[in-house]
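File shown here: final-v4.cif, holding mmCIF, C-alpha atoms and all ligand atoms.
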```
data_upload
loop_
_atom_site.label_atom_id
_atom_site.label_comp_id
_atom_site.auth_asym_id
_atom_site.auth_seq_id
_atom_site.Cartn_x
_atom_site.Cartn_y
_atom_site.Cartn_z
CA MET A 1 17.20 -22.89 -27.34
CA GLU A 2 15.50 -26.14 -26.45
CA LYS A 3 11.80 -25.86 -25.62
CA ARG A 4 11.00 -25.55 -21.92
CA ASN A 5 7.69 -25.88 -20.07
CA ILE A 6 7.21 -23.13 -17.51
CA PRO A 7 3.94 -22.94 -15.57
CA ILE A 8 2.66 -19.56 -14.39
CA GLY A 9 2.88 -20.66 -10.76
CA LEU A 10 3.99 -23.69 -8.79
CA PRO A 11 4.00 -24.18 -5.03
CA SER A 12 7.42 -24.68 -3.48
CA MET A 13 6.90 -27.52 -1.05
CA GLY A 14 9.13 -30.38 -0.09
CA VAL A 15 9.88 -33.00 2.45
CA GLU A 16 9.55 -30.57 5.39
CA GLU A 17 5.90 -29.82 4.58
CA TRP A 18 5.30 -33.52 4.06
CA GLU A 19 6.82 -34.37 7.43
CA ALA A 20 4.98 -31.56 9.19
CA CYS A 21 1.66 -33.28 8.37
CA ARG A 22 2.69 -36.34 10.39
CA GLU A 23 2.03 -34.81 13.81
CA PRO A 24 -1.62 -33.78 13.33
CA ILE A 25 -2.37 -36.99 11.44
CA GLU A 26 -0.87 -39.17 14.16
CA SER A 27 -2.31 -37.20 17.04
CA GLY A 28 -5.78 -37.25 15.49
CA TRP A 29 -6.21 -33.51 16.05
CA ILE A 30 -6.78 -32.41 12.49
CA THR A 31 -9.26 -29.54 12.73
CA GLN A 32 -8.23 -26.09 14.04
CA GLY A 33 -5.85 -26.79 16.91
CA PRO A 34 -2.25 -26.34 18.06
CA LYS A 35 -0.69 -26.16 14.57
CA VAL A 36 -3.13 -23.47 13.45
CA LYS A 37 -2.33 -21.57 16.67
CA GLU A 38 1.41 -21.82 15.97
CA PHE A 39 0.91 -20.64 12.39
CA GLU A 40 -1.17 -17.68 13.62
CA THR A 41 1.38 -16.70 16.28
CA ASN A 42 4.24 -16.79 13.79
CA PHE A 43 2.25 -14.95 11.13
CA ALA A 44 1.35 -12.19 13.61
CA LEU A 45 5.00 -11.86 14.61
CA ARG A 46 6.22 -11.70 11.01
CA HIS A 47 3.60 -9.09 10.09
CA ASN A 48 4.01 -7.12 13.31
CA VAL A 49 0.34 -7.29 14.35
CA LYS A 50 -1.25 -8.16 17.69
CA HIS A 51 -3.65 -10.80 16.39
CA ALA A 52 -3.87 -13.30 13.52
CA PHE A 53 -6.64 -15.82 12.87
CA ALA A 54 -6.38 -18.52 10.24
CA VAL A 55 -9.43 -19.24 8.08
CA SER A 56 -10.35 -21.42 5.13
CA ASN A 57 -9.31 -18.91 2.41
CA CYS A 58 -9.01 -15.19 1.75
CA THR A 59 -12.57 -14.90 0.46
CA THR A 60 -13.95 -16.06 3.81
CA ALA A 61 -11.43 -13.76 5.53
CA LEU A 62 -12.83 -10.80 3.55
CA HIS A 63 -16.37 -11.81 4.46
CA LEU A 64 -15.59 -11.99 8.18
CA ALA A 65 -13.61 -8.75 8.07
CA LEU A 66 -16.67 -6.97 6.70
CA VAL A 67 -19.04 -8.63 9.19
CA ALA A 68 -16.70 -7.68 12.05
CA SER A 69 -16.60 -4.12 10.66
CA GLY A 70 -20.37 -3.94 10.98
CA VAL A 71 -21.12 -3.93 7.24
CA GLU A 72 -24.75 -4.85 6.60
CA ALA A 73 -27.64 -4.49 4.15
CA GLY A 74 -27.90 -0.97 2.73
CA ASP A 75 -24.23 -0.12 3.34
CA GLU A 76 -21.75 0.68 0.59
CA VAL A 77 -18.19 -0.60 0.44
CA ILE A 78 -15.53 0.87 -1.88
CA VAL A 79 -13.58 -1.69 -3.93
CA PRO A 80 -11.17 -1.31 -6.85
CA ALA A 81 -12.61 -2.24 -10.26
CA PHE A 82 -9.54 -4.34 -11.13
CA THR A 83 -9.17 -7.15 -8.60
CA TRP A 84 -10.13 -10.78 -8.14
CA VAL A 85 -13.93 -11.18 -8.02
CA SER A 86 -13.87 -12.18 -4.32
CA THR A 87 -13.25 -8.61 -3.20
CA ALA A 88 -16.67 -7.61 -4.52
CA ASN A 89 -18.36 -10.92 -3.73
CA ALA A 90 -17.52 -10.56 -0.04
CA VAL A 91 -19.46 -7.27 -0.01
CA LYS A 92 -22.45 -9.01 -1.60
CA TYR A 93 -22.32 -11.75 1.07
CA CYS A 94 -23.12 -8.94 3.57
CA HIS A 95 -26.06 -7.78 1.39
CA ALA A 96 -24.20 -4.50 0.94
CA THR A 97 -23.28 -2.76 -2.34
CA PRO A 98 -19.77 -2.82 -3.81
CA ILE A 99 -18.92 0.62 -5.18
CA PHE A 100 -16.24 0.32 -7.82
CA VAL A 101 -13.41 2.83 -8.10
CA ASP A 102 -10.97 2.95 -11.01
CA ILE A 103 -7.31 2.06 -10.60
CA ASN A 104 -4.00 3.72 -11.29
CA ILE A 105 -2.55 1.85 -14.25
CA GLU A 106 1.03 2.43 -13.02
CA THR A 107 0.47 0.40 -9.83
CA PHE A 108 -2.70 -1.56 -10.75
CA ASN A 109 -4.01 -0.41 -7.34
CA ILE A 110 -7.03 1.74 -6.41
CA ASP A 111 -6.76 5.37 -7.55
CA MET A 112 -6.61 7.51 -4.40
CA GLU A 113 -7.89 10.57 -6.24
CA LYS A 114 -11.04 8.84 -7.41
CA ILE A 115 -12.15 7.44 -4.04
CA ALA A 116 -13.59 10.73 -2.75
CA GLU A 117 -16.01 10.95 -5.72
CA LYS A 118 -17.58 7.67 -4.61
CA VAL A 119 -17.82 8.13 -0.84
CA THR A 120 -21.40 8.83 0.36
CA SER A 121 -23.22 8.82 3.70
CA LYS A 122 -23.80 5.09 3.15
CA THR A 123 -20.11 4.21 2.81
CA LYS A 124 -19.08 1.99 5.68
CA ALA A 125 -15.75 0.56 4.58
CA ILE A 126 -13.12 0.53 1.91
CA ILE A 127 -11.14 -2.46 0.68
CA PRO A 128 -7.79 -1.38 -0.76
CA VAL A 129 -6.24 -4.36 -2.57
CA HIS A 130 -2.46 -4.90 -2.49
CA LEU A 131 -2.54 -6.29 -5.99
CA PHE A 132 0.15 -8.76 -7.03
CA GLY A 133 2.05 -7.95 -3.80
CA LEU A 134 2.37 -4.16 -4.10
CA CYS A 135 0.67 -2.39 -1.19
CA ALA A 136 -2.06 0.14 -1.87
CA ASP A 137 -1.41 3.50 -0.23
CA VAL A 138 -3.41 2.69 2.89
CA ALA A 139 -1.74 5.43 4.95
CA ALA A 140 -3.07 8.09 2.56
CA ILE A 141 -6.55 6.51 2.52
CA LYS A 142 -6.59 6.48 6.32
CA ARG A 143 -5.61 10.15 6.52
CA ARG A 144 -8.27 11.15 4.02
CA PHE A 145 -11.12 8.96 5.33
CA PRO A 146 -10.54 8.52 9.08
CA ASN A 147 -14.12 7.40 9.71
CA LEU A 148 -14.18 4.52 7.25
CA LYS A 149 -13.17 1.01 8.25
CA ILE A 150 -10.23 -0.15 6.16
CA VAL A 151 -10.10 -3.84 5.25
CA GLU A 152 -6.86 -4.68 3.43
CA ASP A 153 -7.23 -7.29 0.72
CA GLY A 154 -3.71 -8.61 1.09
CA ALA A 155 -4.46 -11.90 -0.67
CA CYS A 156 -1.23 -11.46 -2.64
CA ALA A 157 0.71 -9.53 -0.02
CA ALA A 158 2.22 -11.84 2.61
CA GLY A 159 5.56 -10.21 3.43
CA SER A 160 4.83 -6.95 1.56
CA ALA A 161 5.21 -3.62 3.32
CA LEU A 162 4.70 0.12 3.01
CA ASN A 163 7.21 2.38 4.79
CA ASP A 164 8.36 -0.61 6.84
CA ILE A 165 4.85 -1.40 8.08
CA PRO A 166 3.93 -4.90 6.89
CA ALA A 167 0.69 -5.51 5.01
CA GLY A 168 -2.03 -6.59 7.41
CA GLY A 169 -1.22 -3.87 9.93
CA LEU A 170 -1.82 -0.88 7.67
CA GLY A 171 -5.62 -0.76 7.99
CA ASP A 172 -8.14 -2.04 10.57
CA ILE A 173 -8.20 -5.67 9.39
CA GLY A 174 -5.94 -7.52 6.96
CA CYS A 175 -6.89 -10.54 4.84
CA PHE A 176 -4.40 -12.97 3.25
CA SER A 177 -4.58 -15.97 0.93
CA PHE A 178 -2.59 -19.20 0.89
CA HIS A 179 -3.91 -20.44 -2.44
CA PRO A 180 -1.17 -22.22 -4.47
CA ARG A 181 -0.67 -19.17 -6.71
CA LYS A 182 0.50 -17.22 -3.65
CA SER A 183 4.14 -17.21 -2.52
CA VAL A 184 3.38 -19.33 0.55
CA THR A 185 0.54 -21.83 0.44
CA THR A 186 -1.47 -24.28 2.49
CA GLY A 187 -3.45 -25.61 -0.50
CA GLU A 188 -6.40 -23.38 0.32
CA GLY A 189 -6.16 -21.09 3.29
CA GLY A 190 -6.42 -17.57 4.59
CA MET A 191 -5.44 -15.32 7.50
CA LEU A 192 -7.06 -12.37 9.25
CA THR A 193 -4.91 -9.82 11.08
CA THR A 194 -5.77 -6.91 13.36
CA ASN A 195 -4.34 -4.73 16.10
CA ASP A 196 -7.81 -4.10 17.57
CA ASP A 197 -8.57 -6.29 20.61
CA GLU A 198 -12.37 -6.08 20.26
CA ILE A 199 -12.36 -6.87 16.55
CA ALA A 200 -10.00 -9.77 17.34
CA VAL A 201 -12.52 -11.40 19.68
CA ARG A 202 -15.24 -11.12 17.04
CA LEU A 203 -13.09 -12.52 14.24
CA ASP A 204 -11.98 -15.44 16.41
CA ARG A 205 -15.60 -16.36 17.20
CA LEU A 206 -17.10 -15.61 13.80
CA ARG A 207 -14.84 -18.14 12.06
CA ASN A 208 -15.89 -20.87 14.50
CA HIS A 209 -19.71 -20.86 14.40
CA GLY A 210 -19.84 -17.91 16.81
CA ALA A 211 -18.58 -20.10 19.67
CA SER A 212 -17.10 -18.16 22.58
CA ILE A 213 -14.24 -20.67 22.98
CA SER A 214 -12.53 -22.92 20.44
CA GLU A 215 -12.92 -26.69 20.46
CA GLU A 216 -9.30 -27.07 21.49
CA GLN A 217 -9.84 -24.81 24.52
CA ARG A 218 -12.97 -26.77 25.44
CA HIS A 219 -11.30 -30.17 25.08
CA HIS A 220 -8.32 -29.18 27.18
CA GLY A 221 -10.37 -27.14 29.66
CA PRO A 222 -11.63 -28.32 33.04
CA LYS A 223 -15.07 -29.26 31.73
CA PRO A 224 -14.68 -30.63 28.17
CA TYR A 225 -18.23 -32.02 28.31
CA ILE A 226 -19.82 -28.53 28.52
CA LEU A 227 -20.46 -27.01 25.10
CA SER A 228 -19.42 -23.44 24.33
CA ALA A 229 -21.71 -20.44 24.67
CA PHE A 230 -22.90 -18.90 21.35
CA GLU A 231 -23.67 -15.20 21.39
CA MET A 232 -23.51 -14.41 17.66
CA VAL A 233 -24.34 -16.03 14.33
CA GLY A 234 -21.02 -17.36 13.09
CA TYR A 235 -19.64 -19.46 10.27
CA ASN A 236 -17.47 -22.51 9.90
CA TYR A 237 -14.51 -20.91 8.14
CA ARG A 238 -11.83 -22.78 10.08
CA MET A 239 -8.47 -23.94 8.75
CA THR A 240 -7.47 -27.56 9.42
CA ASP A 241 -4.46 -28.38 11.59
CA ILE A 242 -2.90 -30.24 8.65
CA GLN A 243 -2.93 -26.97 6.73
CA GLY A 244 -1.70 -25.13 9.82
CA ALA A 245 1.27 -27.50 10.05
CA ILE A 246 2.15 -26.82 6.41
CA GLY A 247 1.68 -23.09 6.98
CA VAL A 248 4.22 -23.10 9.83
CA VAL A 249 6.86 -24.55 7.47
CA GLN A 250 5.93 -22.36 4.52
CA LEU A 251 5.97 -19.16 6.56
CA LYS A 252 9.60 -19.83 7.57
CA LYS A 253 10.44 -19.74 3.86
CA LEU A 254 8.50 -16.56 3.05
CA ASP A 255 11.38 -14.12 3.24
CA SER A 256 13.78 -16.26 1.23
CA PHE A 257 11.05 -16.78 -1.40
CA ILE A 258 10.50 -13.01 -1.67
CA ASP A 259 14.25 -12.30 -1.78
CA GLU A 260 14.64 -14.76 -4.63
CA ARG A 261 11.69 -13.27 -6.51
CA GLN A 262 13.12 -9.77 -5.98
CA LYS A 263 16.36 -10.91 -7.60
CA TRP A 264 14.49 -12.20 -10.66
CA ALA A 265 12.28 -9.09 -10.77
CA ASP A 266 15.49 -7.08 -11.09
CA PHE A 267 16.67 -9.46 -13.82
CA TYR A 268 13.42 -9.08 -15.79
CA LYS A 269 13.55 -5.28 -15.40
CA GLU A 270 17.10 -5.07 -16.70
CA GLU A 271 16.77 -7.64 -19.48
CA LEU A 272 13.43 -6.39 -20.77
CA LYS A 273 14.23 -2.68 -20.74
CA ASP A 274 14.70 -2.60 -24.51
CA VAL A 275 11.42 -4.38 -25.23
CA LYS A 276 9.62 -1.07 -25.53
CA TRP A 277 6.13 -2.48 -26.04
CA LEU A 278 6.29 -4.32 -22.70
CA LYS A 279 6.00 -2.23 -19.55
CA THR A 280 7.52 -3.91 -16.52
CA PRO A 281 6.26 -3.13 -12.98
CA GLU A 282 7.61 -0.13 -11.06
CA VAL A 283 8.07 -0.22 -7.31
CA PRO A 284 7.57 3.26 -5.84
CA GLU A 285 9.88 4.54 -3.08
CA GLY A 286 9.03 3.16 0.36
CA TYR A 287 7.31 0.00 -0.90
CA LYS A 288 8.46 -3.56 -0.37
CA HIS A 289 6.95 -5.66 -3.15
CA GLY A 290 6.00 -9.24 -2.26
CA TRP A 291 6.08 -10.34 -5.93
CA GLN A 292 3.13 -12.72 -5.71
CA SER A 293 3.22 -12.39 -9.47
CA TYR A 294 5.12 -10.39 -12.07
CA VAL A 295 2.57 -8.46 -14.09
CA THR A 296 3.60 -6.57 -17.20
CA TYR A 297 1.56 -4.35 -19.53
CA VAL A 298 1.47 -4.80 -23.29
CA ASP A 299 1.35 -1.46 -25.12
CA GLU A 300 -0.60 -2.59 -28.16
CA SER A 301 -0.06 0.76 -29.89
CA ILE A 302 3.59 -0.22 -30.50
CA ALA A 303 3.55 -4.00 -29.92
CA PRO A 304 4.04 -6.21 -32.98
CA MET A 305 0.99 -8.28 -32.01
CA LYS A 306 -2.08 -8.09 -29.82
CA ARG A 307 -1.67 -9.17 -26.21
CA ASN A 308 -3.71 -12.35 -26.66
CA ASP A 309 -1.66 -13.34 -29.71
CA ILE A 310 1.51 -12.80 -27.70
CA MET A 311 0.10 -15.01 -24.95
CA GLU A 312 -0.77 -17.67 -27.53
CA LEU A 313 2.69 -17.55 -29.05
CA LEU A 314 4.35 -17.84 -25.63
CA GLN A 315 2.07 -20.75 -24.77
CA GLN A 316 3.25 -22.53 -27.93
CA LYS A 317 6.80 -22.06 -26.66
CA GLY A 318 5.82 -23.63 -23.33
CA ILE A 319 5.62 -20.35 -21.40
CA SER A 320 2.39 -19.89 -19.45
CA THR A 321 1.04 -16.37 -19.08
CA ARG A 322 -2.23 -14.94 -17.74
CA PRO A 323 -3.95 -11.56 -17.66
CA GLY A 324 -2.95 -9.97 -14.32
CA THR A 325 -6.49 -10.47 -13.05
CA HIS A 326 -9.91 -9.34 -14.27
CA ALA A 327 -11.91 -6.09 -14.19
CA VAL A 328 -14.79 -7.07 -11.93
CA HIS A 329 -17.12 -4.42 -13.37
CA MET A 330 -16.83 -6.19 -16.75
CA LEU A 331 -17.80 -9.62 -15.43
CA GLU A 332 -21.30 -10.49 -16.57
CA VAL A 333 -22.63 -10.83 -13.04
CA TYR A 334 -21.65 -7.27 -12.00
CA ALA A 335 -22.05 -5.62 -15.41
CA LYS A 336 -25.68 -6.77 -15.50
CA MET A 337 -26.41 -6.22 -11.83
CA TYR A 338 -25.39 -2.56 -11.89
CA ASN A 339 -25.65 -1.84 -15.63
CA ILE A 340 -21.96 -0.96 -15.92
CA LYS A 341 -20.13 -0.39 -19.22
CA PRO A 342 -16.49 -1.42 -19.69
CA ASN A 343 -15.40 2.18 -20.18
CA ASP A 344 -17.02 3.40 -16.97
CA TYR A 345 -13.68 2.40 -15.42
CA PRO A 346 -11.25 3.00 -18.28
CA GLU A 347 -8.01 2.16 -16.47
CA ALA A 348 -9.42 -1.10 -15.07
CA PHE A 349 -10.63 -1.88 -18.58
CA LYS A 350 -7.12 -1.34 -19.98
CA ALA A 351 -5.56 -3.44 -17.22
CA ASP A 352 -8.03 -6.22 -18.00
CA GLN A 353 -7.23 -6.12 -21.71
CA PHE A 354 -3.49 -5.46 -21.74
CA SER A 355 -1.94 -6.78 -18.51
CA MET A 356 0.13 -9.93 -18.84
CA SER A 357 1.52 -11.92 -15.95
CA ILE A 358 4.70 -13.78 -16.88
CA PRO A 359 6.07 -16.71 -14.83
CA MET A 360 7.72 -16.00 -11.50
CA HIS A 361 7.84 -18.61 -8.77
CA ASN A 362 10.37 -20.37 -6.59
CA LYS A 363 10.55 -23.56 -8.61
CA MET A 364 11.96 -21.70 -11.60
CA VAL A 365 15.66 -21.80 -12.44
CA LYS A 366 17.98 -19.35 -14.20
CA GLU A 367 17.46 -21.11 -17.55
CA ASP A 368 13.70 -20.58 -17.27
CA TYR A 369 14.09 -16.83 -16.79
CA GLU A 370 16.61 -16.61 -19.65
CA TYR A 371 14.30 -18.59 -21.91
CA ILE A 372 11.38 -16.25 -21.17
CA VAL A 373 13.45 -13.12 -21.75
CA GLN A 374 14.72 -14.52 -25.02
CA ALA A 375 11.20 -15.41 -26.18
CA LEU A 376 9.92 -11.90 -25.38
CA LYS A 377 12.86 -10.24 -27.13
CA ALA A 378 12.33 -12.41 -30.20
CA ILE A 379 8.77 -11.05 -30.55
C1 LIG B 401 -6.90 -9.81 -4.75
C2 LIG B 401 -7.50 -11.10 -4.31
N1 LIG B 401 -8.45 -11.12 -3.37
C3 LIG B 401 -8.99 -12.27 -2.93
C4 LIG B 401 -8.60 -13.49 -3.43
C5 LIG B 401 -9.25 -14.74 -2.94
O1 LIG B 401 -8.36 -15.58 -2.27
P1 LIG B 401 -8.76 -17.08 -1.96
O2 LIG B 401 -8.59 -17.87 -3.22
O3 LIG B 401 -7.83 -17.52 -0.88
O4 LIG B 401 -10.19 -17.08 -1.49
C6 LIG B 401 -7.61 -13.53 -4.40
C7 LIG B 401 -7.18 -14.82 -4.96
O5 LIG B 401 -6.51 -14.92 -5.94
C8 LIG B 401 -7.04 -12.31 -4.85
O6 LIG B 401 -6.09 -12.30 -5.81
#
```

Give the structure from the file, written as structure tokens.
Ligand SMILES: Cc1ncc(COP(=O)(O)O)c(C=O)c1O
Amino acid sequence: MEKRNIPIGLPSMGVEEWEACREPIESGWITQGPKVKEFETNFALRHNVKHAFAVSNCTTALHLALVASGVEAGDEVIVPAFTWVSTANAVKYCHATPIFVDINIETFNIDMEKIAEKVTSKTKAIIPVHLFGLCADVAAIKRRFPNLKIVEDGACAAGSALNDIPAGGLGDIGCFSFHPRKSVTTGEGGMLTTNDDEIAVRLDRLRNHGASISEEQRHHGPKPYILSAFEMVGYNYRMTDIQGAIGVVQLKKLDSFIDERQKWADFYKEELKDVKWLKTPEVPEGYKHGWQSYVTYVDESIAPMKRNDIMELLQQKGISTRPGTHAVHMLEVYAKMYNIKPNDYPEAFKADQFSMSIPMHNKMVKEDYEYIVQALKAI
């Protein structure tokens, strides 16, 4: 087979996104305005939640979700040990302590059984992460810990669901990312979701300096010359209207993107079933996977090579791979801060060392998938 070059991710944007930018650019309203509002309304509808607020990225969404949940210095927040570093960083931004919990290697998500061991009188919130687009079992966490605030890290989970309830409406507050590695993107970007009216008011203000009304409301209101009231310390975590315009177009494509990825997930599963050293992801009953990425697990005890050598070999063939994500407790900053050893969270350690994300995105064609399968089988 002729060599192909297949990146690990690629945004699927075209002329519609390009054209959507025209309106905010021509109108001159390019900060948070009508396009952001439209994106929020459509996102809330698609995810079956009462409120959605666009922000600059998912990391700022996580920060605001914790602030709005009342997390402050001295509090503890439960986070999975295997996730992107932002999940823990957001806790640090609140001067609170991230308490790591190991994961279940079958789902790469937080291990329900191990949460209870880590909950103390200081625990204020828990951040289940819907890693790679597979929801964490938020319903079970809610039943077990009814007094904890649940902030969903749904960075990878636009369009995912658990028992027909979309991500973002499973806990108290949902946080999403529109980074280009996600299935729908606005370059950088994030979204907050909630069904709680009081939390909604706080999130809306917190992202806009703490102002009680948005600039758009002020400009179009009866007295545009009167500045807003400020009753809380807020942040500037706004999304631009150019991004909002792109988001409106991208969101319309979300379901077709996921359907296409589901089709190729089935293809990978079937075609790779005889590659015994490579474990492909399982989707438990009742879960709708969003397939932000397709993360496999290399069983080095039977694999012909080490994971990193496999990744190197695939790279030479033009196939980009990545570890699924990293074990945050092993990153120097957290390992030193809390004196943590890699094996304190053995499953997260294994996921860090042996997970391997293989390409899956909506710019790939049949020949790309066939080429990847063939390369893996040849190993
Ligand atoms: C699980 C998880 N949480 C948070 C983030 C941060 O998202 P953003 O880049 O939009 O800040 C990411 C990004 O990859 C992620 O994978």

Could I get the residue neighbourhood of ligand LIG 401 (chain B) at 8 Å, counting all atoms listed in the file, as a CSV table (one decimal) with C-alpha atoms, in the coordinates of the input?
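Printed below is result13.csv as written:
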```
chain,number,residue,atom,x,y,z
A,56,SER,CA,-10.4,-21.4,5.1
A,57,ASN,CA,-9.3,-18.9,2.4
A,58,CYS,CA,-9.0,-15.2,1.8
A,59,THR,CA,-12.6,-14.9,0.5
A,60,THR,CA,-14.0,-16.1,3.8
A,61,ALA,CA,-11.4,-13.8,5.5
A,62,LEU,CA,-12.8,-10.8,3.6
A,83,THR,CA,-9.2,-7.2,-8.6
A,84,TRP,CA,-10.1,-10.8,-8.1
A,85,VAL,CA,-13.9,-11.2,-8.0
A,86,SER,CA,-13.9,-12.2,-4.3
A,87,THR,CA,-13.2,-8.6,-3.2
A,129,VAL,CA,-6.2,-4.4,-2.6
A,130,HIS,CA,-2.5,-4.9,-2.5
A,131,LEU,CA,-2.5,-6.3,-6.0
A,132,PHE,CA,0.2,-8.8,-7.0
A,153,ASP,CA,-7.2,-7.3,0.7
A,154,GLY,CA,-3.7,-8.6,1.1
A,155,ALA,CA,-4.5,-11.9,-0.7
A,156,CYS,CA,-1.2,-11.5,-2.6
A,176,PHE,CA,-4.4,-13.0,3.2
A,177,SER,CA,-4.6,-16.0,0.9
A,178,PHE,CA,-2.6,-19.2,0.9
A,179,HIS,CA,-3.9,-20.4,-2.4
A,181,ARG,CA,-0.7,-19.2,-6.7
A,182,LYS,CA,0.5,-17.2,-3.6
A,188,GLU,CA,-6.4,-23.4,0.3
A,189,GLY,CA,-6.2,-21.1,3.3
A,190,GLY,CA,-6.4,-17.6,4.6
A,325,THR,CA,-6.5,-10.5,-13.0
```

Stretch 141-146 of chain A environment, 10 Å, only C-alpha atoms, sequence neighbours closer than 3 positions dropped, as a list in words: Met112, Glu113, Ile115, Ala116, Val119, Ala125, Ile126, Pro128, Ala136, Asp137, Val138, Lys149, Ile150, Leu170, Gly171 and Asp172 of chain A

Nearest to A:Leu192 among A:Pro80, A:Gly290, A:Gly169, A:Pro180, with distances taken over only C-alpha atoms: which residue is it? A:Gly169

Would you mind listing what lies within 10 Å of A:Glu2 as a ChimeraX atom specification, with all atoms listed in the file counted and same-chain residues fewer than 2 positions away left out? /A:4,317,371

Check the smallest atom-to-atom distance from each of A:Tyr237, A:Phe43, A:Phe82, A:Tyr268 to A:Leu254 using all atoms listed in the file, then report the winner.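 Of A:Tyr237, A:Phe43, A:Phe82, A:Tyr268, the one nearest A:Leu254, counting all atoms listed in the file, is A:Phe43.
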
Set the distance at 9 Å and use all atoms listed in the file: which residues neighbour A:Glu271 once local chain neighbours fewer than 5 positions away are removed? I'd like the list as a list in words.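 In the requested form, the answer reads Asp266, Glu370, Val373 and Lys377 of chain A.
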
Between A:Ala54, A:Ile105, A:Ala229, A:Leu203, which one has atoms that come closest to A:Gln353, using all atoms listed in the file?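 The answer is A:Ile105, which sits nearest to A:Gln353.
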
Counting only C-alpha atoms, which residue out of A:Lys253, A:Lys366, A:Lys276, A:Lys341 sits closest to A:Glu16? A:Lys253

Just the number, please: distance in Å from atom CA of A:Ile127 to atom CA of A:Ile110, one decimal.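 Computed distance, atom CA of A:Ile127 to atom CA of A:Ile110, equals 9.2 Å.
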
What is the distance, in Å and to one decimal place, between atom CA of A:Ile372 and atom CA of A:Lys263?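 The value is 15.4 Å.
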
Nearest-residue call for A:Ser183, choices A:Arg218, A:Lys336, A:Arg205, A:Lys252, using only C-alpha atoms: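 Checking each of A:Arg218, A:Lys336, A:Arg205, A:Lys252 against A:Ser183, counting only C-alpha atoms, the winner is A:Lys252.
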
Of the residues A:Ala44, A:Ile226, A:Ile302, A:Gly247, which is the one nearest to A:Glu17, using only C-alpha atoms?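 Looking only at the distances to A:Glu17, the closest residue turns out to be A:Gly247.
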
Find the distance between atom CA of A:Glu19 and atom CA of A:His51 and write it in Å to one decimal.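 These atoms are spaced 27.3 Å apart.
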